[in-house]
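Trainee: Okay, handing you the structure first.
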Amino acid sequence: MKNLSKLILFVCFGILFAACNNDNLDTTDPNGNGGSDFGSNGPKVTKTFSFSIPEMASAGLDISRAELEEDADEAISFGMQPATRATVAATAAEKTIKNLYIMQFDAAGKILGKGQSIPASDIKVDNTTGNASVDITIDEATGSKLYVFANCQPLNANTDTTEAKMKADSIQITTAITVDDLATKGLPMMGMATLSASASSINVPMSFLVAKISTKVSTSLPSGASFTLTGVGLVDVPKHIYITSGATTSTKGGYHSSYAFTTTNLTRTDPFVFYVPENKAGTVAGLTSKTKSWWDAPEHAMRLRINGTYKKNSSDAGVAVYYELYPGANSATDFNVARNTVYTINPTVKGTNVSSDLRVWANTLVNLNVKGTGSTDTSANCYIAYNSGTAYHFDATIKGNGKNRDGSAAAKHTPTSVEVLWETTSDQYIIRKVKLYGGHVYFLTAGSVGGDVRLGNALIAVKSGSNILWSWHIWSTGPISTESYKIRATGAGIPTTVKMMNRNLGAANNNPGDHNAFGLLYQWGRKDPFVGANGVSGSTYAESTMGQNWPVKASANTGADANASVDFAIKNPTTFITQINTTTYDWVNAPTVEKQLNNLWGNASTVTGSITCTPLNLNTNKGTKTMYDPCPIGYKVPPQYTWTNFTKDGNNHGETDKAQWNVSGTFDHGWKFYCAADGSGATTFYPAAGYRNNATGALGDVGTNGEYFSSSPLSASIAQASALWFNSGNVYPLSYPLRAYGRSVRCVQEF
C-alpha cells in the first residue's frame with residue numbers, strides 16, 4: 001500500500017455509472033451540496049479499491065423489422081440491426097485502465113483534500129478478468145462519497161471544490177478516440193461509492209463516459225457500377241463530456257466538424273469504431289429510415305459520414321459522394337446518442353438517388369456567397385440555382401449585399417427559422433428542402449442530379465419568431481450570358497458599352513412569343529418580386545403556390561412615413577403596396593415629392609429640367625448597389641442611360657417617328673432591339689410582360705406593353721422613376737413610369 005502525498009487534479013470524461021450490489025457501498029447518484037473550501041474530516045485510512053466494468057447497453061432494441069425493409073429507390077440501406085440482447089460485452093482493450101483519479105467529498109459535499117492521481121504503475125490488473133485494483137489512502141470519513149475517474153485529463157482544482165461544482169463540470173475532447181487509440185489512451189470511465197466504516201475494500205462499479213459507434217460498409221450496386229470508399233467519420237461530435245448526464249446535450253465548447261475522419265486502412269476487415277461524448281439531440285416524429293436525414297435532423301445531431309467515389313460504369317469518370325446516417329435508438333425518429341451505449345450501423349451502399357433519398361450527397365455543397373464579375377459583393381437578394389438535385393447555401397444574417405443606401409455597412413440580424421414563402425407551380429417544385437443552420441440557409445433543389453433543371457422561382461424568408469426578417473429570391477434557370485449594349489449618350493462617367501443579362505430577371509428564357517420569357521415584376525425600389533401572367537395575354541397570375549391570392553395593401557396603411565413603408569415591405573414581401581396618392585403615385589408613404597426615397601436602388605438623380613439624350617440632360621451616374629437591389633451577385637439594376645441605343649438619337653419616339661426606332665422585325669409580344677449598332681448586327685429581345693397596376697395591383701397590358709425600371713428616378717424633382725417603355729407604336733428609352741407599378745427588371749453586370 002502506498003500513501004500518495006502529491007495531489008494532482010485531473011479533468012475526466014463524464015458519465016454517472018450504474019449501481020452495483022455491495023454490502024459496503026451506497027451507489028446511488030450523488031446529489032450533495034457543500035462549501036467552497038478544501039477540508040479534511042478525520043484520520044487517514046488505506047483501502048483496496050477494485051473496479052468492475054459492466055457491459056455497455058445496446059441501442060436499437062425498439063427497431064421493428066418494418067423499419068429495416070429496403071426501398072427500391074433508396075441510395076443506402078440503414079443496416080442498423082435489432083439487438084438480440086440488452087447489453088454488449090466490452091472488449092479487453094476497452095476495459096483497460098491506464099490511470100485513475102480519486103475525488104472524495106464529505107457528507108456536506110465539500111471536497112476532502114484535492115484529489116489523488118494514481119499512475120498506471122500502482123494499478124494491479126487481473127490477467128484473467130481484466131479487472132483492476134489499487135491501494136489508496138483516503139480520509140476516514142464515514143458517509144463520504146468517492147468519485148473515481150479512469151483514463152481522464154486534469155480537472156480544475158481551483159473550481160471543483162464541491163461535489164455540486166464537480167458534477168456541473170465537463171471534460172474537453174481535443175482529439176478523436178478510435179478503436180486504434182485504446183492501447184495508448186484507454187476509454188474514459190467513472191464510478192462512485194459511499195464509504196462505510198467497516199469496509200476494508202471498496203468495489204467501485206465503473207461505467208464508460210462515451211458511446212461506441214461501430215460501422216462496416218458494404219455495397220449492393222447496379223450492374224457495372226462501383227463504389228470506392230475514401231473515408232468514414234463522424235460530424236457534430238460534442239467537444240465536451242459532462243460529468244452529469246442530462247436529458248439534452250449542452251452546446252458548451254461547440255462541436256467537431258470532422259471526428260476521426262479515416263483516410264488510411266480503408267480496406268480493413270474489422271469495423272470502424274469511434275468513441276464519442278453523448279449527444280442527446282432529441283427526436284423528430286414522422287420520419288422513416290430514408291428521411292432520417294440532415295434536412296430534418298435537430299441542429300447538431302451527430303451523424304456518421306461515409307465518403308467515396310461512385311461510378312456508373314467502367315468508363316464513367318465518377319462523382320464524389322457521401323452518405324450520412326444518424327445513430328439513435330431507432331433508424332427513423334430518434335437522434336439521441338447516449339453514453340455507455342453501443343450503436344452498430346452496417347450500411348449497404350446501393351446508388352446515388354438524391355431525388356428520393358435525402359441521406360446521399362452526390363455533389364459538392366454549393367456556397368452561393370461568392371464574388372460576382374466586377375463586384376466585391378458576396379451576397380445579394382437573388383441567388384441563381386443552375387442545377388437540379390443540388391444543395392446550396394448562403395449567409396442568412398446579411399441583408400441583401402449588406403450595404404445601406406448611403407453605402408455604409410448594414411447591421412446583421414439573427415434569424416431563428418426559415419420557410420419557403422412561395423414557389424413556381426406547386427410545393428417542392430423548385431425547392432425540395434430548406435433548413436436554417438449556423439446562420440446559413442441551406443436548400444435542396446428538386447429533380448435528380450445531372451437532370452434538367454426545373455425552371456422557375458421561389459422566395460425564401462428567415463424569421464425571428466413569427467416576424468420575417470429578410471427574404472431572398474431563388475432563381476432556378478439555365479445558363480445566363482451577357483450581351484453588350486452600345487450607349488448612345490455620351491458624357492462624364494457614361495461608358496461606351498454595358499453588359500446586360502440575356503433575359504429578364506426571373507425569366508426561364510428569352511424567346512419571343514413565350515410567356516416564360518416575361519420574368520418577374522417589381523415595384524420601383526423594392527427587392528422582392530411578384531409573378532407575372534400565365535400566358536402571353538390576359539390577367540391571370542402565373543402558376544405558383546400563392547395561386548391568385550397575392551395580398552394588396554394601401555401605402556397609407558403601411559406606416560407613418562416612407563421609411564416605415566420600407567420596413568413594412570421587408571416584413572411583408574408577398575404584399576403588393578398600392579400608391580399613396582395621385583401626387584407621387586408611390587408605394588411608400590410619401591405624400592409629396594420631397595418625401596420620396598430616391599436612393600432605394602442607389603442612384604438618386606441631381607438632374608432637373610427635361611430629360612433628354614441629345615442634348616444630354618440625364619443622370620450620368622452608374623449608381624451604387626444597395627441592399628434593396630433585386631439583382632444577383634455581380635449584377636444590379638441598370639442606370640438611366642442603358643437603353644439610349646434603342647432609338648437612333650437616344651430619345652423617346654412614337655409611331656410618327658418610327659424611323660428612329662432601332663428595332664429588328666415586327667412586334668411579337670415584344671421587340672428585338674439592335675444593341676450594338678444602328679439597323680444591323682446583334683439584337684436582343686425584350687418581351688412585353690405588362691405590369692401590375694399601381695392603384696389595384698391587377699395585371700394589365702400583358703403582351704402589348706413592356707416597361708423596364710432603371711435604378712434612377714426620372715429626375716431630382718419628378719415623382720416618376722426612369723425606365724425603358726415600348727409597345728407596338730412607341731419606343732421610349734427615357735420613359736417615366738409611376739413607382740407603385742410592378743414592372744420588369746433586366747440586370748446589368750456591375751462595372
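The chains in the C-alpha cells are called A, B, ... from first to last as shown; in each chain the residues are counted from 1, and the ligands are counted from 1 in the order shown.
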List the spatial neighbours of Tyr326 in chain A as a PyMOL selection string - criterion: any atom at most 12 Å away, only C-alpha atoms, same-chain residues fewer than 5 positions off excluded.
Mentor: chain A and resi 78-80+213+215+233-237+279-283+288-298+300-306+331-337+343-345+347+359
Trainee: Could you write those residues out with C-alpha atoms, as a PDB file, in the first residue's frame?
Mentor:
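Result file is result.pdb:
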```
ATOM      1  CA  PHE A  78     -29.519   1.811 -42.879  1.00  0.00           C
ATOM      2  CA  GLY A  79     -28.293  -1.590 -41.710  1.00  0.00           C
ATOM      3  CA  MET A  80     -28.993  -0.923 -38.013  1.00  0.00           C
ATOM      4  CA  ILE A 213     -20.267   3.707 -32.702  1.00  0.00           C
ATOM      5  CA  THR A 215     -19.777   0.581 -38.656  1.00  0.00           C
ATOM      6  CA  GLY A 233     -16.061   9.648 -39.970  1.00  0.00           C
ATOM      7  CA  LEU A 234     -18.452  11.489 -37.683  1.00  0.00           C
ATOM      8  CA  VAL A 235     -19.801  15.042 -37.791  1.00  0.00           C
ATOM      9  CA  ASP A 236     -21.123  17.154 -34.907  1.00  0.00           C
ATOM     10  CA  VAL A 237     -19.407  15.294 -32.100  1.00  0.00           C
ATOM     11  CA  ASN A 279     -25.125  13.859 -27.929  1.00  0.00           C
ATOM     12  CA  LYS A 280     -28.793  13.795 -26.978  1.00  0.00           C
ATOM     13  CA  ALA A 281     -30.299  15.787 -29.827  1.00  0.00           C
ATOM     14  CA  GLY A 282     -33.887  14.611 -29.371  1.00  0.00           C
ATOM     15  CA  THR A 283     -36.489  13.001 -31.610  1.00  0.00           C
ATOM     16  CA  THR A 288     -38.566   6.974 -41.887  1.00  0.00           C
ATOM     17  CA  SER A 289     -35.111   5.456 -42.374  1.00  0.00           C
ATOM     18  CA  LYS A 290     -34.906   7.158 -45.772  1.00  0.00           C
ATOM     19  CA  THR A 291     -35.963  10.578 -44.471  1.00  0.00           C
ATOM     20  CA  LYS A 292     -33.875  10.481 -41.288  1.00  0.00           C
ATOM     21  CA  SER A 293     -31.514  12.971 -42.832  1.00  0.00           C
ATOM     22  CA  TRP A 294     -29.742  16.256 -42.262  1.00  0.00           C
ATOM     23  CA  TRP A 295     -32.702  18.216 -43.632  1.00  0.00           C
ATOM     24  CA  ASP A 296     -34.996  17.138 -40.786  1.00  0.00           C
ATOM     25  CA  ALA A 297     -32.471  16.387 -38.055  1.00  0.00           C
ATOM     26  CA  PRO A 298     -32.241  18.555 -34.922  1.00  0.00           C
ATOM     27  CA  HIS A 300     -26.023  19.470 -34.236  1.00  0.00           C
ATOM     28  CA  ALA A 301     -27.352  15.919 -34.150  1.00  0.00           C
ATOM     29  CA  MET A 302     -24.401  13.538 -34.543  1.00  0.00           C
ATOM     30  CA  ARG A 303     -24.098  11.789 -37.890  1.00  0.00           C
ATOM     31  CA  LEU A 304     -21.967   9.093 -39.493  1.00  0.00           C
ATOM     32  CA  ARG A 305     -20.474  10.195 -42.815  1.00  0.00           C
ATOM     33  CA  ILE A 306     -19.341   7.673 -45.437  1.00  0.00           C
ATOM     34  CA  SER A 331     -33.387   4.100 -37.601  1.00  0.00           C
ATOM     35  CA  ALA A 332     -36.122   6.690 -38.097  1.00  0.00           C
ATOM     36  CA  THR A 333     -37.135   9.161 -35.409  1.00  0.00           C
ATOM     37  CA  ASP A 334     -34.523   9.050 -32.631  1.00  0.00           C
ATOM     38  CA  PHE A 335     -31.351  11.205 -32.775  1.00  0.00           C
ATOM     39  CA  ASN A 336     -30.053  10.554 -29.251  1.00  0.00           C
ATOM     40  CA  VAL A 337     -26.564   9.171 -28.732  1.00  0.00           C
ATOM     41  CA  TYR A 343     -24.577   1.831 -31.784  1.00  0.00           C
ATOM     42  CA  THR A 344     -23.902  -0.640 -34.586  1.00  0.00           C
ATOM     43  CA  ILE A 345     -24.673   0.584 -38.109  1.00  0.00           C
ATOM     44  CA  PRO A 347     -24.957   0.193 -44.100  1.00  0.00           C
ATOM     45  CA  ARG A 359     -29.195  10.811 -46.953  1.00  0.00           C
TER      46      ARG A 359
END
```
Trainee: Can you list, as a ChimeraX atom specification, every protein, DNA or RNA residue that comes within 10 Å of range 444-457 of chain A when you count only C-alpha atoms, leaving out same-chain residues fewer than 4 positions away?
Mentor: /A:295,352-356,358,361-363,365,384-393,422-425,428-435,473-478,506-509,516,519-520,529,531,544
Trainee: If you run DSSP on the backbone here, which positions in range 663-732 of chain A get strand (DSSP E or B)? Please write them as a ChimeraX atom specification.
Mentor: /A:663-664,670-674,683-687,691-692,699-700,706-713,721-727,730-732
Trainee: Given the selection you just returned, output its residues as a file containing N, CA and C atoms, formatted as an mmCIF file, in the first residue's frame.
Mentor:
```
data_model
loop_
_atom_site.group_PDB
_atom_site.id
_atom_site.type_symbol
_atom_site.label_atom_id
_atom_site.label_comp_id
_atom_site.auth_asym_id
_atom_site.auth_seq_id
_atom_site.Cartn_x
_atom_site.Cartn_y
_atom_site.Cartn_z
ATOM 1 N N VAL A 663 -35.036 48.904 -84.134
ATOM 2 C CA VAL A 663 -35.645 47.600 -83.901
ATOM 3 C C VAL A 663 -35.462 46.714 -85.123
ATOM 4 N N SER A 664 -35.598 45.415 -84.896
ATOM 5 C CA SER A 664 -35.481 44.432 -85.971
ATOM 6 C C SER A 664 -36.780 43.655 -86.076
ATOM 7 N N GLY A 670 -43.373 41.829 -77.991
ATOM 8 C CA GLY A 670 -42.133 42.473 -77.610
ATOM 9 C C GLY A 670 -41.331 42.846 -78.843
ATOM 10 N N TRP A 671 -40.228 43.528 -78.631
ATOM 11 C CA TRP A 671 -39.369 43.970 -79.725
ATOM 12 C C TRP A 671 -37.995 43.324 -79.640
ATOM 13 N N LYS A 672 -37.406 43.095 -80.841
ATOM 14 C CA LYS A 672 -35.979 42.822 -80.927
ATOM 15 C C LYS A 672 -35.281 44.149 -81.219
ATOM 16 N N PHE A 673 -34.396 44.539 -80.296
ATOM 17 C CA PHE A 673 -33.651 45.786 -80.459
ATOM 18 C C PHE A 673 -32.221 45.482 -80.916
ATOM 19 N N TYR A 674 -31.731 46.326 -81.843
ATOM 20 C CA TYR A 674 -30.303 46.272 -82.153
ATOM 21 C C TYR A 674 -29.552 46.863 -80.961
ATOM 22 N N THR A 683 -28.898 41.515 -81.977
ATOM 23 C CA THR A 683 -30.141 42.016 -81.413
ATOM 24 C C THR A 683 -30.396 41.345 -80.070
ATOM 25 N N THR A 684 -31.259 41.969 -79.292
ATOM 26 C CA THR A 684 -31.706 41.381 -78.031
ATOM 27 C C THR A 684 -33.212 41.554 -77.939
ATOM 28 N N PHE A 685 -33.894 40.540 -77.420
ATOM 29 C CA PHE A 685 -35.346 40.581 -77.344
ATOM 30 C C PHE A 685 -35.794 41.072 -75.979
ATOM 31 N N TYR A 686 -36.745 42.001 -75.986
ATOM 32 C CA TYR A 686 -37.386 42.492 -74.766
ATOM 33 C C TYR A 686 -38.875 42.162 -74.847
ATOM 34 N N PRO A 687 -39.353 41.231 -74.035
ATOM 35 C CA PRO A 687 -40.770 40.871 -74.079
ATOM 36 C C PRO A 687 -41.650 41.934 -73.425
ATOM 37 N N TYR A 691 -47.756 44.796 -66.717
ATOM 38 C CA TYR A 691 -47.471 45.415 -65.423
ATOM 39 C C TYR A 691 -48.491 44.969 -64.388
ATOM 40 N N ARG A 692 -48.196 45.297 -63.137
ATOM 41 C CA ARG A 692 -49.203 45.254 -62.080
ATOM 42 C C ARG A 692 -49.591 46.696 -61.788
ATOM 43 N N LEU A 699 -53.023 42.735 -62.953
ATOM 44 C CA LEU A 699 -52.206 42.666 -64.165
ATOM 45 C C LEU A 699 -52.870 43.426 -65.302
ATOM 46 N N GLY A 700 -52.047 44.037 -66.151
ATOM 47 C CA GLY A 700 -52.573 44.759 -67.291
ATOM 48 C C GLY A 700 -51.580 44.820 -68.433
ATOM 49 N N GLY A 706 -44.316 46.775 -72.622
ATOM 50 C CA GLY A 706 -43.178 46.381 -71.813
ATOM 51 C C GLY A 706 -42.540 47.603 -71.193
ATOM 52 N N GLU A 707 -42.203 47.515 -69.916
ATOM 53 C CA GLU A 707 -41.527 48.631 -69.255
ATOM 54 C C GLU A 707 -40.515 48.063 -68.271
ATOM 55 N N TYR A 708 -39.275 48.625 -68.319
ATOM 56 C CA TYR A 708 -38.138 48.099 -67.572
ATOM 57 C C TYR A 708 -37.535 49.202 -66.726
ATOM 58 N N PHE A 709 -37.608 49.026 -65.412
ATOM 59 C CA PHE A 709 -37.117 50.051 -64.492
ATOM 60 C C PHE A 709 -35.603 50.205 -64.589
ATOM 61 N N SER A 710 -35.134 51.454 -64.472
ATOM 62 C CA SER A 710 -33.723 51.735 -64.203
ATOM 63 C C SER A 710 -33.573 51.962 -62.703
ATOM 64 N N SER A 711 -32.355 52.172 -62.254
ATOM 65 C CA SER A 711 -32.103 52.404 -60.829
ATOM 66 C C SER A 711 -32.336 53.853 -60.434
ATOM 67 N N SER A 712 -32.679 54.700 -61.391
ATOM 68 C CA SER A 712 -32.751 56.142 -61.139
ATOM 69 C C SER A 712 -34.182 56.677 -61.198
ATOM 70 N N PRO A 713 -34.509 57.668 -60.363
ATOM 71 C CA PRO A 713 -35.720 58.446 -60.610
ATOM 72 C C PRO A 713 -35.568 59.179 -61.951
ATOM 73 N N ALA A 721 -40.275 57.253 -61.750
ATOM 74 C CA ALA A 721 -38.989 56.591 -61.971
ATOM 75 C C ALA A 721 -38.604 56.745 -63.438
ATOM 76 N N SER A 722 -37.396 56.314 -63.784
ATOM 77 C CA SER A 722 -36.943 56.320 -65.170
ATOM 78 C C SER A 722 -36.882 54.887 -65.668
ATOM 79 N N ALA A 723 -37.232 54.672 -66.952
ATOM 80 C CA ALA A 723 -37.339 53.309 -67.456
ATOM 81 C C ALA A 723 -37.294 53.293 -68.981
ATOM 82 N N LEU A 724 -37.171 52.084 -69.528
ATOM 83 C CA LEU A 724 -37.435 51.822 -70.940
ATOM 84 C C LEU A 724 -38.893 51.404 -71.061
ATOM 85 N N TRP A 725 -39.620 52.007 -72.019
ATOM 86 C CA TRP A 725 -41.013 51.620 -72.265
ATOM 87 C C TRP A 725 -41.242 51.487 -73.753
ATOM 88 N N PHE A 726 -42.079 50.512 -74.122
ATOM 89 C CA PHE A 726 -42.399 50.330 -75.542
ATOM 90 C C PHE A 726 -43.726 49.593 -75.675
ATOM 91 N N ASN A 727 -44.312 49.742 -76.830
ATOM 92 C CA ASN A 727 -45.398 48.895 -77.306
ATOM 93 C C ASN A 727 -45.259 48.833 -78.818
ATOM 94 N N ASN A 730 -44.625 52.620 -79.950
ATOM 95 C CA ASN A 730 -43.762 53.567 -79.246
ATOM 96 C C ASN A 730 -42.503 52.872 -78.743
ATOM 97 N N VAL A 731 -41.394 53.620 -78.726
ATOM 98 C CA VAL A 731 -40.156 53.178 -78.084
ATOM 99 C C VAL A 731 -39.609 54.372 -77.307
ATOM 100 N N TYR A 732 -39.614 54.264 -75.979
ATOM 101 C CA TYR A 732 -39.170 55.347 -75.100
ATOM 102 C C TYR A 732 -37.988 54.871 -74.244
#
```
Trainee: Which residues come within 10 Å of Thr614 in chain A, counting only C-alpha atoms, excluding same-chain residues fewer than 4 positions away, as a VMD selection string?
Mentor: chain A and resid 488 to 490 618 644 649 to 651
Trainee: Atoms to include: C-alpha atoms. Write the selected residues as a short mmCIF file (atom, residue, chain, number, x, y, z; two decimals), in the first residue's frame.
Mentor:
```cif
data_model
loop_
_atom_site.label_atom_id
_atom_site.label_comp_id
_atom_site.auth_asym_id
_atom_site.auth_seq_id
_atom_site.Cartn_x
_atom_site.Cartn_y
_atom_site.Cartn_z
CA ARG A 488 -25.57 56.43 -77.31
CA ALA A 489 -25.49 59.03 -74.54
CA THR A 490 -22.00 60.44 -74.04
CA LEU A 618 -29.91 62.85 -67.78
CA THR A 644 -30.27 55.03 -75.34
CA ASP A 649 -30.91 59.57 -81.21
CA GLY A 650 -31.49 58.10 -77.74
CA ASN A 651 -34.74 59.99 -77.15
#
```
Trainee: Using CA of Gly115 in chain A and CA of Ile102 in chain A as the two end points, give the distance in Å to one decimal.
Mentor: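 Computed distance, CA of Gly115 in chain A to CA of Ile102 in chain A, equals 5.4 Å.
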Trainee: Name all residues at most 9 Å from Ser379 in chain A (count only C-alpha atoms; drop same-chain ones fewer than 2 positions away) and give them as a CSV table (one decimal) with C-alpha atoms, in the first residue's frame.
Mentor:
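Listing of selection21.csv after writing:
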```
chain,number,residue,atom,x,y,z
A,368,LEU,CA,-23.6,30.9,-53.1
A,369,ASN,CA,-21.7,33.7,-51.3
A,370,VAL,CA,-19.0,34.2,-54.0
A,371,LYS,CA,-17.9,37.4,-55.7
A,377,ASP,CA,-20.1,41.7,-53.1
A,381,ASN,CA,-31.2,39.4,-52.7
A,382,CYS,CA,-31.3,37.0,-55.6
A,383,TYR,CA,-29.4,33.7,-55.9
A,394,PHE,CA,-25.9,31.3,-48.3
A,395,ASP,CA,-25.4,33.6,-45.4
A,398,ILE,CA,-26.8,39.6,-44.2
A,399,LYS,CA,-29.5,41.9,-45.7
A,400,GLY,CA,-29.1,41.9,-49.4
A,401,ASN,CA,-25.5,42.9,-50.2
A,402,GLY,CA,-25.1,44.3,-46.7
A,632,PRO,CA,-27.9,38.6,-58.2
A,633,ILE,CA,-24.3,39.0,-57.1
```
Trainee: Using only C-alpha atoms, pick whichever of A:Thr582, A:Asn203, A:Ser117, A:Gln660 has the shortest atom-to-atom distance to Thr48 in chain A.
Mentor: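 Closest to Thr48 in chain A of all the choices is A:Asn203.
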Trainee: As a ChimeraX atom specification, please: all residues of range 461-605 of chain A that backbone DSSP puts in helix (DSSP H, G or I).
Mentor: /A:515-517,555-557,562-571,593-595
Trainee: Given only C-alpha atoms as the basis, pick out the residue of A:Trp587, A:Pro630, A:Thr642, A:Ala698 nearest to Gln548 in chain A.
Mentor: A:Ala698
Trainee: Figure out the distance between CA of Glu74 in chain A and CA of Gly351 in chain A, please, to one decimal in Å.
Mentor: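 CA of Glu74 in chain A lies at a distance of 7.5 Å from CA of Gly351 in chain A.
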Trainee: Using only C-alpha atoms, which residue out of A:Ser214, A:Ser539, A:Asn313, A:Gln172 lies closest to Pro327 in chain A?
Mentor: A:Ser214
Trainee: Any idea what's packed within 10 Å of Thr397 in chain A, counting only C-alpha atoms, ignoring anything in its chain fewer than 6 positions away? Could you give it as JSON, numbers by chain?
Mentor: {"A": [411, 412, 413, 414, 415, 438, 439, 440, 441, 462, 469, 470]}
Trainee: Need to verify the contact set: Asp180 in chain A, 12 Å, only C-alpha atoms, exclusion of same-chain residues closer than 4 positions in sequence. Can you return it as a list in words?
Mentor: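 Listing them by chain and then by number gives Ala93, Glu94, Ala176, Thr184, Lys185, Gly186, Leu187, Ala260, Thr262, Asn265, Asp270, Pro271, Phe272, Val273, Phe274 and Tyr275 of chain A.
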Trainee: In Å, with one decimal, what is the gap from CA of Ser417 in chain A to CA of Lys463 in chain A?
Mentor: 5.2 Å
Trainee: I'd like to know which of A:Lys110, A:Arg746, A:Arg339, A:Lys311 is closest to Tyr635 in chain A, using only C-alpha atoms.
Mentor: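 Of A:Lys110, A:Arg746, A:Arg339, A:Lys311, the one nearest Tyr635 in chain A, counting only C-alpha atoms, is A:Arg746.
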Trainee: Select, from A:Ala689, A:Val217, A:Val342, A:Ala569, the residue with the minimum atom-to-atom distance to Val745 in chain A, counting only C-alpha atoms.
Mentor: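 That would be A:Ala689, the residue with the smallest distance to Val745 in chain A.
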